[in-house]
$ cat run_3.txt   # compact mmCIF, N, CA and C atoms and all ligand atoms
# COMPACT_ATOMS: atom_id res chain seq x y z
N MET O 381 -80.95 -121.93 -19.97
CA MET O 381 -79.48 -121.99 -20.07
C MET O 381 -78.95 -120.62 -20.54
N GLN O 382 -77.83 -120.26 -19.94
CA GLN O 382 -77.13 -119.03 -20.32
C GLN O 382 -75.75 -119.41 -20.83
N LEU O 383 -75.13 -118.52 -21.58
CA LEU O 383 -73.74 -118.68 -21.99
C LEU O 383 -72.94 -117.66 -21.18
N ILE O 384 -71.98 -118.13 -20.41
CA ILE O 384 -71.16 -117.22 -19.61
C ILE O 384 -69.72 -117.38 -20.07
N TYR O 385 -69.12 -116.28 -20.47
CA TYR O 385 -67.77 -116.38 -21.04
C TYR O 385 -66.78 -115.52 -20.27
N ASP O 386 -65.57 -116.07 -20.14
CA ASP O 386 -64.44 -115.30 -19.64
C ASP O 386 -63.55 -115.02 -20.84
N THR O 387 -62.91 -113.87 -20.86
CA THR O 387 -62.08 -113.52 -22.00
C THR O 387 -61.03 -112.51 -21.60
N LEU O 388 -59.88 -112.61 -22.24
CA LEU O 388 -58.84 -111.61 -22.02
C LEU O 388 -58.71 -110.74 -23.27
N THR O 389 -58.61 -111.37 -24.42
CA THR O 389 -58.38 -110.60 -25.65
C THR O 389 -59.56 -110.64 -26.62
N GLY O 390 -60.67 -111.24 -26.21
CA GLY O 390 -61.90 -111.14 -27.01
C GLY O 390 -62.28 -112.39 -27.80
N ASN O 391 -61.38 -113.37 -27.93
CA ASN O 391 -61.71 -114.55 -28.74
C ASN O 391 -62.90 -115.33 -28.17
N THR O 392 -62.88 -115.54 -26.88
CA THR O 392 -63.95 -116.34 -26.27
C THR O 392 -65.27 -115.57 -26.31
N ARG O 393 -65.19 -114.27 -26.15
CA ARG O 393 -66.41 -113.45 -26.28
C ARG O 393 -66.98 -113.60 -27.69
N ARG O 394 -66.11 -113.52 -28.69
CA ARG O 394 -66.60 -113.66 -30.08
C ARG O 394 -67.23 -115.03 -30.30
N PHE O 395 -66.59 -116.05 -29.77
CA PHE O 395 -67.16 -117.39 -29.97
C PHE O 395 -68.51 -117.52 -29.24
N ALA O 396 -68.58 -117.01 -28.03
CA ALA O 396 -69.84 -117.08 -27.27
C ALA O 396 -70.97 -116.38 -28.04
N HIS O 397 -70.63 -115.28 -28.69
CA HIS O 397 -71.68 -114.57 -29.45
C HIS O 397 -72.09 -115.34 -30.70
N LYS O 398 -71.16 -116.09 -31.29
CA LYS O 398 -71.54 -116.95 -32.43
C LYS O 398 -72.56 -118.00 -31.97
N VAL O 399 -72.30 -118.59 -30.81
CA VAL O 399 -73.23 -119.59 -30.28
C VAL O 399 -74.56 -118.93 -29.90
N ALA O 400 -74.47 -117.73 -29.33
CA ALA O 400 -75.69 -117.00 -28.96
C ALA O 400 -76.54 -116.72 -30.20
N ASP O 401 -75.89 -116.33 -31.30
CA ASP O 401 -76.64 -116.04 -32.53
C ASP O 401 -77.38 -117.28 -33.04
N LEU O 402 -76.77 -118.44 -32.86
CA LEU O 402 -77.37 -119.68 -33.37
C LEU O 402 -78.45 -120.23 -32.44
N THR O 403 -78.36 -119.91 -31.17
CA THR O 403 -79.27 -120.53 -30.19
C THR O 403 -80.31 -119.56 -29.63
N GLY O 404 -80.04 -118.27 -29.78
CA GLY O 404 -80.93 -117.28 -29.15
C GLY O 404 -80.68 -117.13 -27.66
N LEU O 405 -79.64 -117.82 -27.14
CA LEU O 405 -79.32 -117.66 -25.72
C LEU O 405 -78.55 -116.37 -25.49
N GLU O 406 -78.62 -115.90 -24.26
CA GLU O 406 -77.89 -114.71 -23.88
C GLU O 406 -76.44 -115.06 -23.58
N ALA O 407 -75.51 -114.25 -24.08
CA ALA O 407 -74.08 -114.41 -23.75
C ALA O 407 -73.71 -113.31 -22.76
N VAL O 408 -73.24 -113.73 -21.59
CA VAL O 408 -72.96 -112.78 -20.51
C VAL O 408 -71.48 -112.86 -20.13
N ALA O 409 -70.85 -111.71 -19.97
CA ALA O 409 -69.44 -111.69 -19.54
C ALA O 409 -69.34 -112.20 -18.10
N LEU O 410 -68.39 -113.06 -17.85
CA LEU O 410 -68.22 -113.66 -16.51
C LEU O 410 -68.08 -112.58 -15.44
N LYS O 411 -67.37 -111.51 -15.75
CA LYS O 411 -67.15 -110.48 -14.72
C LYS O 411 -68.45 -109.76 -14.34
N GLU O 412 -69.48 -109.91 -15.18
CA GLU O 412 -70.78 -109.29 -14.85
C GLU O 412 -71.83 -110.33 -14.47
N ALA O 413 -71.45 -111.58 -14.47
CA ALA O 413 -72.45 -112.64 -14.31
C ALA O 413 -72.68 -113.01 -12.85
N SER O 414 -73.95 -113.24 -12.56
CA SER O 414 -74.33 -113.76 -11.25
C SER O 414 -75.42 -114.79 -11.52
N PRO O 415 -75.02 -115.97 -12.01
CA PRO O 415 -75.99 -116.91 -12.57
C PRO O 415 -77.05 -117.38 -11.58
N GLN O 416 -78.28 -117.40 -12.08
CA GLN O 416 -79.43 -117.90 -11.31
C GLN O 416 -80.03 -119.10 -12.02
N GLU O 417 -79.45 -119.47 -13.16
CA GLU O 417 -79.96 -120.59 -13.94
C GLU O 417 -78.76 -121.36 -14.49
N PRO O 418 -78.97 -122.58 -14.97
CA PRO O 418 -77.87 -123.36 -15.51
C PRO O 418 -77.18 -122.61 -16.66
N TYR O 419 -75.90 -122.83 -16.78
CA TYR O 419 -75.15 -122.13 -17.83
C TYR O 419 -74.06 -123.03 -18.41
N LEU O 420 -73.68 -122.66 -19.62
CA LEU O 420 -72.50 -123.24 -20.27
C LEU O 420 -71.36 -122.24 -20.10
N LEU O 421 -70.26 -122.70 -19.54
CA LEU O 421 -69.10 -121.83 -19.35
C LEU O 421 -68.20 -121.90 -20.59
N LEU O 422 -67.78 -120.73 -21.04
CA LEU O 422 -66.79 -120.65 -22.12
C LEU O 422 -65.61 -119.86 -21.57
N THR O 423 -64.44 -120.45 -21.62
CA THR O 423 -63.27 -119.75 -21.09
C THR O 423 -62.07 -120.01 -22.00
N TYR O 424 -60.94 -119.51 -21.62
CA TYR O 424 -59.74 -119.66 -22.44
C TYR O 424 -58.65 -120.34 -21.62
N THR O 425 -57.52 -120.59 -22.24
CA THR O 425 -56.43 -121.30 -21.59
C THR O 425 -55.24 -120.37 -21.47
N PHE O 426 -54.62 -120.37 -20.31
CA PHE O 426 -53.53 -119.44 -20.06
C PHE O 426 -52.35 -120.19 -19.45
N GLY O 427 -51.24 -119.48 -19.23
CA GLY O 427 -50.08 -120.16 -18.64
C GLY O 427 -49.67 -121.31 -19.53
N SER O 428 -49.48 -122.46 -18.96
CA SER O 428 -49.24 -123.66 -19.76
C SER O 428 -50.37 -124.62 -19.49
N GLY O 429 -51.47 -124.39 -20.18
CA GLY O 429 -52.64 -125.26 -20.01
C GLY O 429 -53.45 -124.95 -18.78
N ALA O 430 -53.31 -123.73 -18.26
CA ALA O 430 -53.97 -123.40 -16.99
C ALA O 430 -55.33 -122.72 -17.18
N VAL O 431 -56.11 -122.81 -16.10
CA VAL O 431 -57.40 -122.13 -16.02
C VAL O 431 -57.13 -120.69 -15.57
N PRO O 432 -57.70 -119.70 -16.25
CA PRO O 432 -57.48 -118.31 -15.81
C PRO O 432 -57.96 -118.10 -14.36
N ASP O 433 -57.25 -117.25 -13.64
CA ASP O 433 -57.60 -116.98 -12.23
C ASP O 433 -59.03 -116.47 -12.09
N THR O 434 -59.46 -115.65 -13.05
CA THR O 434 -60.82 -115.10 -12.99
C THR O 434 -61.86 -116.22 -13.07
N THR O 435 -61.60 -117.19 -13.96
CA THR O 435 -62.53 -118.32 -14.10
C THR O 435 -62.50 -119.17 -12.83
N ARG O 436 -61.31 -119.39 -12.32
CA ARG O 436 -61.15 -120.21 -11.11
C ARG O 436 -61.94 -119.60 -9.94
N ALA O 437 -61.80 -118.28 -9.76
CA ALA O 437 -62.49 -117.61 -8.66
C ALA O 437 -64.01 -117.68 -8.85
N PHE O 438 -64.45 -117.49 -10.08
CA PHE O 438 -65.89 -117.55 -10.40
C PHE O 438 -66.45 -118.93 -10.04
N LEU O 439 -65.71 -119.97 -10.40
CA LEU O 439 -66.21 -121.33 -10.18
C LEU O 439 -66.25 -121.69 -8.71
N GLN O 440 -65.41 -121.07 -7.93
CA GLN O 440 -65.45 -121.35 -6.49
C GLN O 440 -66.82 -121.00 -5.91
N VAL O 441 -67.49 -120.04 -6.54
CA VAL O 441 -68.82 -119.62 -6.08
C VAL O 441 -69.93 -120.26 -6.91
N HIS O 442 -69.74 -120.28 -8.24
CA HIS O 442 -70.86 -120.56 -9.14
C HIS O 442 -70.81 -121.92 -9.84
N ALA O 443 -69.89 -122.76 -9.47
CA ALA O 443 -69.78 -124.05 -10.17
C ALA O 443 -71.07 -124.89 -10.16
N PRO O 444 -71.89 -124.84 -9.09
CA PRO O 444 -73.05 -125.75 -9.07
C PRO O 444 -74.01 -125.60 -10.26
N LEU O 445 -74.09 -124.43 -10.85
CA LEU O 445 -75.03 -124.25 -11.97
C LEU O 445 -74.37 -124.50 -13.34
N MET O 446 -73.08 -124.78 -13.36
CA MET O 446 -72.40 -125.04 -14.63
C MET O 446 -72.81 -126.41 -15.16
N ARG O 447 -73.18 -126.47 -16.44
CA ARG O 447 -73.61 -127.73 -17.05
C ARG O 447 -72.62 -128.29 -18.05
N GLY O 448 -71.64 -127.46 -18.46
CA GLY O 448 -70.62 -127.92 -19.40
C GLY O 448 -69.62 -126.80 -19.61
N VAL O 449 -68.51 -127.15 -20.29
CA VAL O 449 -67.46 -126.15 -20.50
C VAL O 449 -66.90 -126.25 -21.91
N VAL O 450 -66.63 -125.07 -22.47
CA VAL O 450 -65.96 -124.94 -23.76
C VAL O 450 -64.69 -124.14 -23.50
N SER O 451 -63.58 -124.56 -24.10
CA SER O 451 -62.37 -123.76 -23.90
C SER O 451 -61.79 -123.29 -25.23
N SER O 452 -61.35 -122.06 -25.21
CA SER O 452 -60.60 -121.51 -26.34
C SER O 452 -59.11 -121.65 -26.03
N GLY O 453 -58.35 -121.79 -27.08
CA GLY O 453 -56.90 -121.86 -26.96
C GLY O 453 -56.30 -121.61 -28.32
N SER O 454 -55.10 -122.11 -28.47
CA SER O 454 -54.41 -121.91 -29.73
C SER O 454 -53.74 -123.23 -30.11
N PHE O 455 -53.93 -123.65 -31.38
CA PHE O 455 -53.40 -124.94 -31.86
C PHE O 455 -51.93 -125.14 -31.50
N HIS O 456 -51.16 -124.06 -31.58
CA HIS O 456 -49.72 -124.24 -31.46
C HIS O 456 -49.27 -124.57 -30.04
N TRP O 457 -50.21 -124.63 -29.08
CA TRP O 457 -49.84 -125.03 -27.73
C TRP O 457 -49.82 -126.55 -27.57
N GLY O 458 -50.02 -127.26 -28.66
CA GLY O 458 -49.85 -128.72 -28.64
C GLY O 458 -50.74 -129.40 -27.62
N GLU O 459 -50.13 -130.19 -26.74
CA GLU O 459 -50.95 -130.97 -25.79
C GLU O 459 -51.66 -130.07 -24.78
N ASN O 460 -51.23 -128.83 -24.67
CA ASN O 460 -51.94 -127.90 -23.77
C ASN O 460 -53.03 -127.12 -24.49
N PHE O 461 -53.27 -127.46 -25.75
CA PHE O 461 -54.31 -126.75 -26.52
C PHE O 461 -55.67 -126.86 -25.80
N GLY O 462 -56.19 -125.71 -25.42
CA GLY O 462 -57.52 -125.67 -24.80
C GLY O 462 -57.63 -126.47 -23.52
N ARG O 463 -56.52 -126.71 -22.87
CA ARG O 463 -56.51 -127.65 -21.74
C ARG O 463 -57.35 -127.18 -20.56
N ALA O 464 -57.58 -125.88 -20.44
CA ALA O 464 -58.40 -125.38 -19.32
C ALA O 464 -59.75 -126.09 -19.26
N GLY O 465 -60.32 -126.39 -20.42
CA GLY O 465 -61.62 -127.06 -20.45
C GLY O 465 -61.56 -128.45 -19.82
N GLU O 466 -60.49 -129.18 -20.14
CA GLU O 466 -60.32 -130.51 -19.56
C GLU O 466 -60.17 -130.44 -18.04
N VAL O 467 -59.38 -129.46 -17.62
CA VAL O 467 -59.13 -129.31 -16.17
C VAL O 467 -60.43 -129.02 -15.44
N ILE O 468 -61.21 -128.11 -16.00
CA ILE O 468 -62.48 -127.72 -15.35
C ILE O 468 -63.46 -128.90 -15.37
N ALA O 469 -63.57 -129.55 -16.51
CA ALA O 469 -64.50 -130.69 -16.61
C ALA O 469 -64.13 -131.77 -15.60
N GLY O 470 -62.83 -132.02 -15.47
CA GLY O 470 -62.38 -133.05 -14.52
C GLY O 470 -62.63 -132.65 -13.08
N ALA O 471 -62.40 -131.37 -12.79
CA ALA O 471 -62.53 -130.92 -11.40
C ALA O 471 -63.99 -130.87 -10.94
N TYR O 472 -64.90 -130.55 -11.88
CA TYR O 472 -66.29 -130.33 -11.47
C TYR O 472 -67.26 -131.39 -12.01
N GLY O 473 -66.74 -132.34 -12.78
CA GLY O 473 -67.61 -133.42 -13.26
C GLY O 473 -68.67 -132.97 -14.24
N VAL O 474 -68.31 -132.04 -15.12
CA VAL O 474 -69.25 -131.61 -16.18
C VAL O 474 -68.65 -131.99 -17.54
N PRO O 475 -69.47 -132.08 -18.59
CA PRO O 475 -68.94 -132.42 -19.91
C PRO O 475 -68.00 -131.34 -20.47
N PHE O 476 -66.91 -131.82 -21.08
CA PHE O 476 -66.04 -130.92 -21.84
C PHE O 476 -66.62 -130.90 -23.25
N VAL O 477 -67.35 -129.86 -23.56
CA VAL O 477 -68.14 -129.83 -24.79
C VAL O 477 -67.24 -129.69 -26.02
N MET O 478 -66.28 -128.81 -25.97
CA MET O 478 -65.42 -128.60 -27.14
C MET O 478 -64.26 -127.68 -26.80
N ARG O 479 -63.14 -127.89 -27.52
CA ARG O 479 -62.07 -126.88 -27.48
C ARG O 479 -62.05 -126.21 -28.85
N VAL O 480 -61.83 -124.91 -28.87
CA VAL O 480 -61.82 -124.18 -30.14
C VAL O 480 -60.53 -123.39 -30.27
N ASN O 481 -60.10 -123.26 -31.50
CA ASN O 481 -58.92 -122.46 -31.79
C ASN O 481 -59.34 -120.99 -31.87
N LYS O 482 -58.75 -120.17 -31.00
CA LYS O 482 -59.04 -118.72 -30.99
C LYS O 482 -60.54 -118.47 -30.86
N SER O 483 -61.15 -117.80 -31.84
CA SER O 483 -62.58 -117.50 -31.70
C SER O 483 -63.45 -118.53 -32.41
N GLY O 484 -62.86 -119.67 -32.78
CA GLY O 484 -63.64 -120.76 -33.38
C GLY O 484 -64.17 -120.40 -34.76
N ASN O 485 -64.79 -121.41 -35.40
CA ASN O 485 -65.40 -121.16 -36.72
C ASN O 485 -66.87 -121.54 -36.66
N LEU O 486 -67.54 -121.41 -37.78
CA LEU O 486 -68.98 -121.65 -37.80
C LEU O 486 -69.31 -123.10 -37.45
N SER O 487 -68.46 -124.00 -37.92
CA SER O 487 -68.72 -125.40 -37.62
C SER O 487 -68.59 -125.68 -36.12
N ASP O 488 -67.62 -125.05 -35.47
CA ASP O 488 -67.49 -125.17 -34.01
C ASP O 488 -68.75 -124.63 -33.33
N ALA O 489 -69.18 -123.46 -33.77
CA ALA O 489 -70.35 -122.82 -33.14
C ALA O 489 -71.60 -123.68 -33.33
N ARG O 490 -71.72 -124.29 -34.52
CA ARG O 490 -72.88 -125.17 -34.76
C ARG O 490 -72.84 -126.39 -33.85
N ALA O 491 -71.67 -126.94 -33.65
CA ALA O 491 -71.54 -128.12 -32.79
C ALA O 491 -71.92 -127.78 -31.35
N VAL O 492 -71.48 -126.64 -30.88
CA VAL O 492 -71.82 -126.24 -29.51
C VAL O 492 -73.32 -125.93 -29.41
N ALA O 493 -73.86 -125.29 -30.44
CA ALA O 493 -75.30 -124.99 -30.45
C ALA O 493 -76.11 -126.29 -30.39
N GLU O 494 -75.67 -127.32 -31.11
CA GLU O 494 -76.34 -128.63 -31.07
C GLU O 494 -76.32 -129.20 -29.66
N TRP O 495 -75.16 -129.09 -29.02
CA TRP O 495 -75.05 -129.60 -27.65
C TRP O 495 -76.04 -128.87 -26.74
N VAL O 496 -76.10 -127.55 -26.89
CA VAL O 496 -77.00 -126.75 -26.06
C VAL O 496 -78.45 -127.19 -26.28
N ARG O 497 -78.80 -127.39 -27.54
CA ARG O 497 -80.20 -127.76 -27.86
C ARG O 497 -80.55 -129.12 -27.26
N ALA O 498 -79.56 -129.97 -27.13
CA ALA O 498 -79.82 -131.32 -26.61
C ALA O 498 -79.98 -131.34 -25.08
N GLN O 499 -79.73 -130.22 -24.42
CA GLN O 499 -79.81 -130.22 -22.95
C GLN O 499 -81.25 -130.10 -22.49
C1 LIG O 501 -49.47 -115.95 -22.00
C2 LIG O 501 -50.40 -116.82 -22.81
C3 LIG O 501 -50.48 -118.18 -22.51
C4 LIG O 501 -51.31 -119.02 -23.26
N1 LIG O 501 -51.34 -120.36 -22.96
C5 LIG O 501 -52.11 -121.18 -23.72
C6 LIG O 501 -52.14 -122.59 -23.46
O1 LIG O 501 -51.49 -123.12 -22.57
N2 LIG O 501 -52.94 -123.36 -24.24
C7 LIG O 501 -53.71 -122.84 -25.26
O2 LIG O 501 -54.40 -123.59 -25.93
N3 LIG O 501 -53.69 -121.50 -25.51
C8 LIG O 501 -52.93 -120.68 -24.78
N4 LIG O 501 -52.92 -119.34 -25.04
C9 LIG O 501 -53.76 -118.83 -26.15
C10 LIG O 501 -55.11 -118.31 -25.67
O3 LIG O 501 -55.79 -119.26 -24.87
C11 LIG O 501 -55.97 -118.00 -26.91
O4 LIG O 501 -55.40 -116.94 -27.62
C12 LIG O 501 -57.40 -117.68 -26.52
O5 LIG O 501 -58.17 -117.61 -27.71
C13 LIG O 501 -57.52 -116.38 -25.77
O6 LIG O 501 -58.86 -116.18 -25.46
P1 LIG O 501 -59.45 -114.72 -25.21
O7 LIG O 501 -59.16 -113.90 -26.48
O8 LIG O 501 -60.91 -114.93 -25.00
O9 LIG O 501 -58.76 -114.14 -24.05
C14 LIG O 501 -52.11 -118.49 -24.32
C15 LIG O 501 -52.04 -117.12 -24.58
C16 LIG O 501 -51.20 -116.29 -23.84
C17 LIG O 501 -51.14 -114.82 -24.18

$ encode --input "run_3.txt" --output "structure tokens"
Amino acid sequence: MQLIYDTLTGNTRRFAHKVADLTGLEAVALKEASPQEPYLLLTYTFGSGAVPDTTRAFLQVHAPLMRGVVSSGSFHWGENFGRAGEVIAGAYGVPFVMRVNKSGNLSDARAVAEWVRAQ
């Protein structure tokens, strides 16, 4: 399993690296990724609960190896908080592992690491 993250301002990258530190998995930037093995996607939420275009384009090619999704967002977006994860999970039939506020905290990273270990 790999961790593949999309990011605009760095929060999702920071969270992916927290999970990488706990699991020993490699965290790879989506723009550089060409997955050959199953991966956990970490992305962020844009617009009003939307999936970033970069993530959308990536999934058009690489969705078959995705095993789950984590989304970053911001609490103050209310019902759209981290909604990109729900959208992706629904569209591709993978588990929505967690939504995190900004770059998440240690407890978030531990929960995602547990999920990874259980795969
Ligand atoms: C224009 C704009 C729209 C956003 N829309 C949402 C949203 O609908 N829901 C949400 O939870 N967060 C939203 N956010 C917050 C980002 O998802 C959040 O800051 C995230 O951590 C950014 O990840 P990144 O630093 O990896 O790019 C928005 C941020 C911006 C700048």

$ closest_atom_pairs --input "run_3.txt" --of "chain O" --to "ligand LIG 501 (chain O)" --cutoff "6 Å" --atoms "only C-alpha atoms and all ligand atoms" --output "Markdown table"
| residue | atom | partner | partner_atom | distance |
| --- | --- | --- | --- | --- |
| O:Thr387 | CA | O:LIG501 | O8 | 3.5 |
| O:Leu388 | CA | O:LIG501 | O9 | 3.2 |
| O:Thr389 | CA | O:LIG501 | O7 | 3.5 |
| O:Gly390 | CA | O:LIG501 | O7 | 3.9 |
| O:Asn391 | CA | O:LIG501 | O7 | 3.5 |
| O:Thr392 | CA | O:LIG501 | O8 | 3.6 |
| O:Arg393 | CA | O:LIG501 | O8 | 5.8 |
| O:Tyr424 | CA | O:LIG501 | O3 | 4.7 |
| O:Thr425 | CA | O:LIG501 | O3 | 3.9 |
| O:Phe426 | CA | O:LIG501 | N1 | 3.7 |
| O:Gly427 | CA | O:LIG501 | C3 | 4.4 |
| O:Ser428 | CA | O:LIG501 | O1 | 3.6 |
| O:Gly429 | CA | O:LIG501 | O1 | 3.5 |
| O:Ser452 | CA | O:LIG501 | O5 | 4.8 |
| O:Gly453 | CA | O:LIG501 | O2 | 3.2 |
| O:Ser454 | CA | O:LIG501 | O2 | 4.2 |
| O:Trp457 | CA | O:LIG501 | N2 | 5.0 |
| O:Asn460 | CA | O:LIG501 | N2 | 4.7 |
| O:Phe461 | CA | O:LIG501 | O2 | 3.2 |
| O:Gly462 | CA | O:LIG501 | O2 | 3.9 |
| O:Lys482 | CA | O:LIG501 | O5 | 3.6 |
| O:Ser483 | CA | O:LIG501 | O5 | 5.9 |

$ residues_around --input "run_3.txt" --residues "region 395-398 of chain O" --least-positions-apart "5" --cutoff "7 Å" --atoms "all atoms listed in the file" --output "list in words"
Leu383, Tyr385, Gly390, Thr403, Ala407, Leu422, Lys482, Ser483, Gly484, Ala489 and Arg490 of chain O

$ residues_around --input "run_3.txt" --residues "Val477 (chain O)" --least-positions-apart "4" --cutoff "10 Å" --atoms "only C-alpha atoms" --output "list in words"
Leu420, Leu421, Leu422, Arg447, Gly448, Val449, Val450, Ser451, Gly465, Glu466, Ala469, Ala491, Val492, Trp495 and Val496 of chain O

$ write_last_selection --input "run_3.txt" --atoms "N, CA and C atoms" --output "short mmCIF file (atom, residue, chain, number, x, y, z; two decimals), in the coordinates of the input"
data_model
loop_
_atom_site.label_atom_id
_atom_site.label_comp_id
_atom_site.auth_asym_id
_atom_site.auth_seq_id
_atom_site.Cartn_x
_atom_site.Cartn_y
_atom_site.Cartn_z
N LEU O 420 -73.68 -122.66 -19.62
CA LEU O 420 -72.50 -123.24 -20.27
C LEU O 420 -71.36 -122.24 -20.10
N LEU O 421 -70.26 -122.70 -19.54
CA LEU O 421 -69.10 -121.83 -19.35
C LEU O 421 -68.20 -121.90 -20.59
N LEU O 422 -67.78 -120.73 -21.04
CA LEU O 422 -66.79 -120.65 -22.12
C LEU O 422 -65.61 -119.86 -21.57
N ARG O 447 -73.18 -126.47 -16.44
CA ARG O 447 -73.61 -127.73 -17.05
C ARG O 447 -72.62 -128.29 -18.05
N GLY O 448 -71.64 -127.46 -18.46
CA GLY O 448 -70.62 -127.92 -19.40
C GLY O 448 -69.62 -126.80 -19.61
N VAL O 449 -68.51 -127.15 -20.29
CA VAL O 449 -67.46 -126.15 -20.50
C VAL O 449 -66.90 -126.25 -21.91
N VAL O 450 -66.63 -125.07 -22.47
CA VAL O 450 -65.96 -124.94 -23.76
C VAL O 450 -64.69 -124.14 -23.50
N SER O 451 -63.58 -124.56 -24.10
CA SER O 451 -62.37 -123.76 -23.90
C SER O 451 -61.79 -123.29 -25.23
N GLY O 465 -60.32 -126.39 -20.42
CA GLY O 465 -61.62 -127.06 -20.45
C GLY O 465 -61.56 -128.45 -19.82
N GLU O 466 -60.49 -129.18 -20.14
CA GLU O 466 -60.32 -130.51 -19.56
C GLU O 466 -60.17 -130.44 -18.04
N ALA O 469 -63.57 -129.55 -16.51
CA ALA O 469 -64.50 -130.69 -16.61
C ALA O 469 -64.13 -131.77 -15.60
N ALA O 491 -71.67 -126.94 -33.65
CA ALA O 491 -71.54 -128.12 -32.79
C ALA O 491 -71.92 -127.78 -31.35
N VAL O 492 -71.48 -126.64 -30.88
CA VAL O 492 -71.82 -126.24 -29.51
C VAL O 492 -73.32 -125.93 -29.41
N TRP O 495 -75.16 -129.09 -29.02
CA TRP O 495 -75.05 -129.60 -27.65
C TRP O 495 -76.04 -128.87 -26.74
N VAL O 496 -76.10 -127.55 -26.89
CA VAL O 496 -77.00 -126.75 -26.06
C VAL O 496 -78.45 -127.19 -26.28
#

$ atom_distance --input "run_3.txt" --atom1 "CA of Asp488 (chain O)" --atom2 "atom N of Ala400 (chain O)"
11.2 Å

$ axis_aligned_box --input "run_3.txt" --around "region 454-464 of chain O" --padding-each-side "5 Å" --output "JSON"
{"center_x": -54.5, "center_y": -126.4, "center_z": -25.6, "size_x": 20.5, "size_y": 19.1, "size_z": 22.6}

$ residues_around --input "run_3.txt" --residues "Glu417 (chain O)" --least-positions-apart "2" --cutoff "8 Å" --atoms "only C-alpha atoms" --output "MDAnalysis selection string"
chainID O and resid 381:382 415 419 445

$ write_last_selection --input "run_3.txt" --atoms "N, CA and C atoms" --output "tab-separated table (two decimals), keeping the file's coordinate frame"
chain	number	residue	atom	x	y	z
O	381	MET	N	-80.95	-121.93	-19.97
O	381	MET	CA	-79.48	-121.99	-20.07
O	381	MET	C	-78.95	-120.62	-20.54
O	382	GLN	N	-77.83	-120.26	-19.94
O	382	GLN	CA	-77.13	-119.03	-20.32
O	382	GLN	C	-75.75	-119.41	-20.83
O	415	PRO	N	-75.02	-115.97	-12.01
O	415	PRO	CA	-75.99	-116.91	-12.57
O	415	PRO	C	-77.05	-117.38	-11.58
O	419	TYR	N	-75.90	-122.83	-16.78
O	419	TYR	CA	-75.15	-122.13	-17.83
O	419	TYR	C	-74.06	-123.03	-18.41
O	445	LEU	N	-74.09	-124.43	-10.85
O	445	LEU	CA	-75.03	-124.25	-11.97
O	445	LEU	C	-74.37	-124.50	-13.34

$ atom_distance --input "run_3.txt" --atom1 "CA of Arg497 (chain O)" --atom2 "CA of Thr434 (chain O)"
27.5 Å

$ atom_distance --input "run_3.txt" --atom1 "CA of Leu410 (chain O)" --atom2 "CA of Asp386 (chain O)"
5.2 Å

$ select_by_dssp --input "run_3.txt" --residues "region 410-497 of chain O" --states "strand (DSSP E)" --output "ChimeraX atom specification"
/O:419-424,446-453,476-481

$ closest_residue --input "run_3.txt" --among "O:Ser414, O:Gln499, O:Asn481, O:Ser487" --to "Ala443 (chain O)" --atoms "only C-alpha atoms"
O:Ser414

$ closest_residue --input "run_3.txt" --among "O:Ala493, O:Ile384, O:Val480, O:Val408" --to "Thr435 (chain O)" --atoms "only C-alpha atoms"
O:Ile384

$ closest_residue --input "run_3.txt" --among "O:Asn485, O:Pro444, O:Ala430, O:Val399" --to "Pro418 (chain O)" --atoms "all atoms listed in the file"
O:Pro444

$ select_by_dssp --input "run_3.txt" --residues "region 381-489 of chain O" --states "helix (DSSP H, G or I)" --output "number ranges by chain"
O: 391-403, 410-412, 433-445, 455-460, 463-472, 486-489

$ closest_residue --input "run_3.txt" --among "O:Lys411, O:Thr423, O:Arg394, O:Gly404" --to "Ala464 (chain O)" --atoms "all atoms listed in the file"
O:Thr423
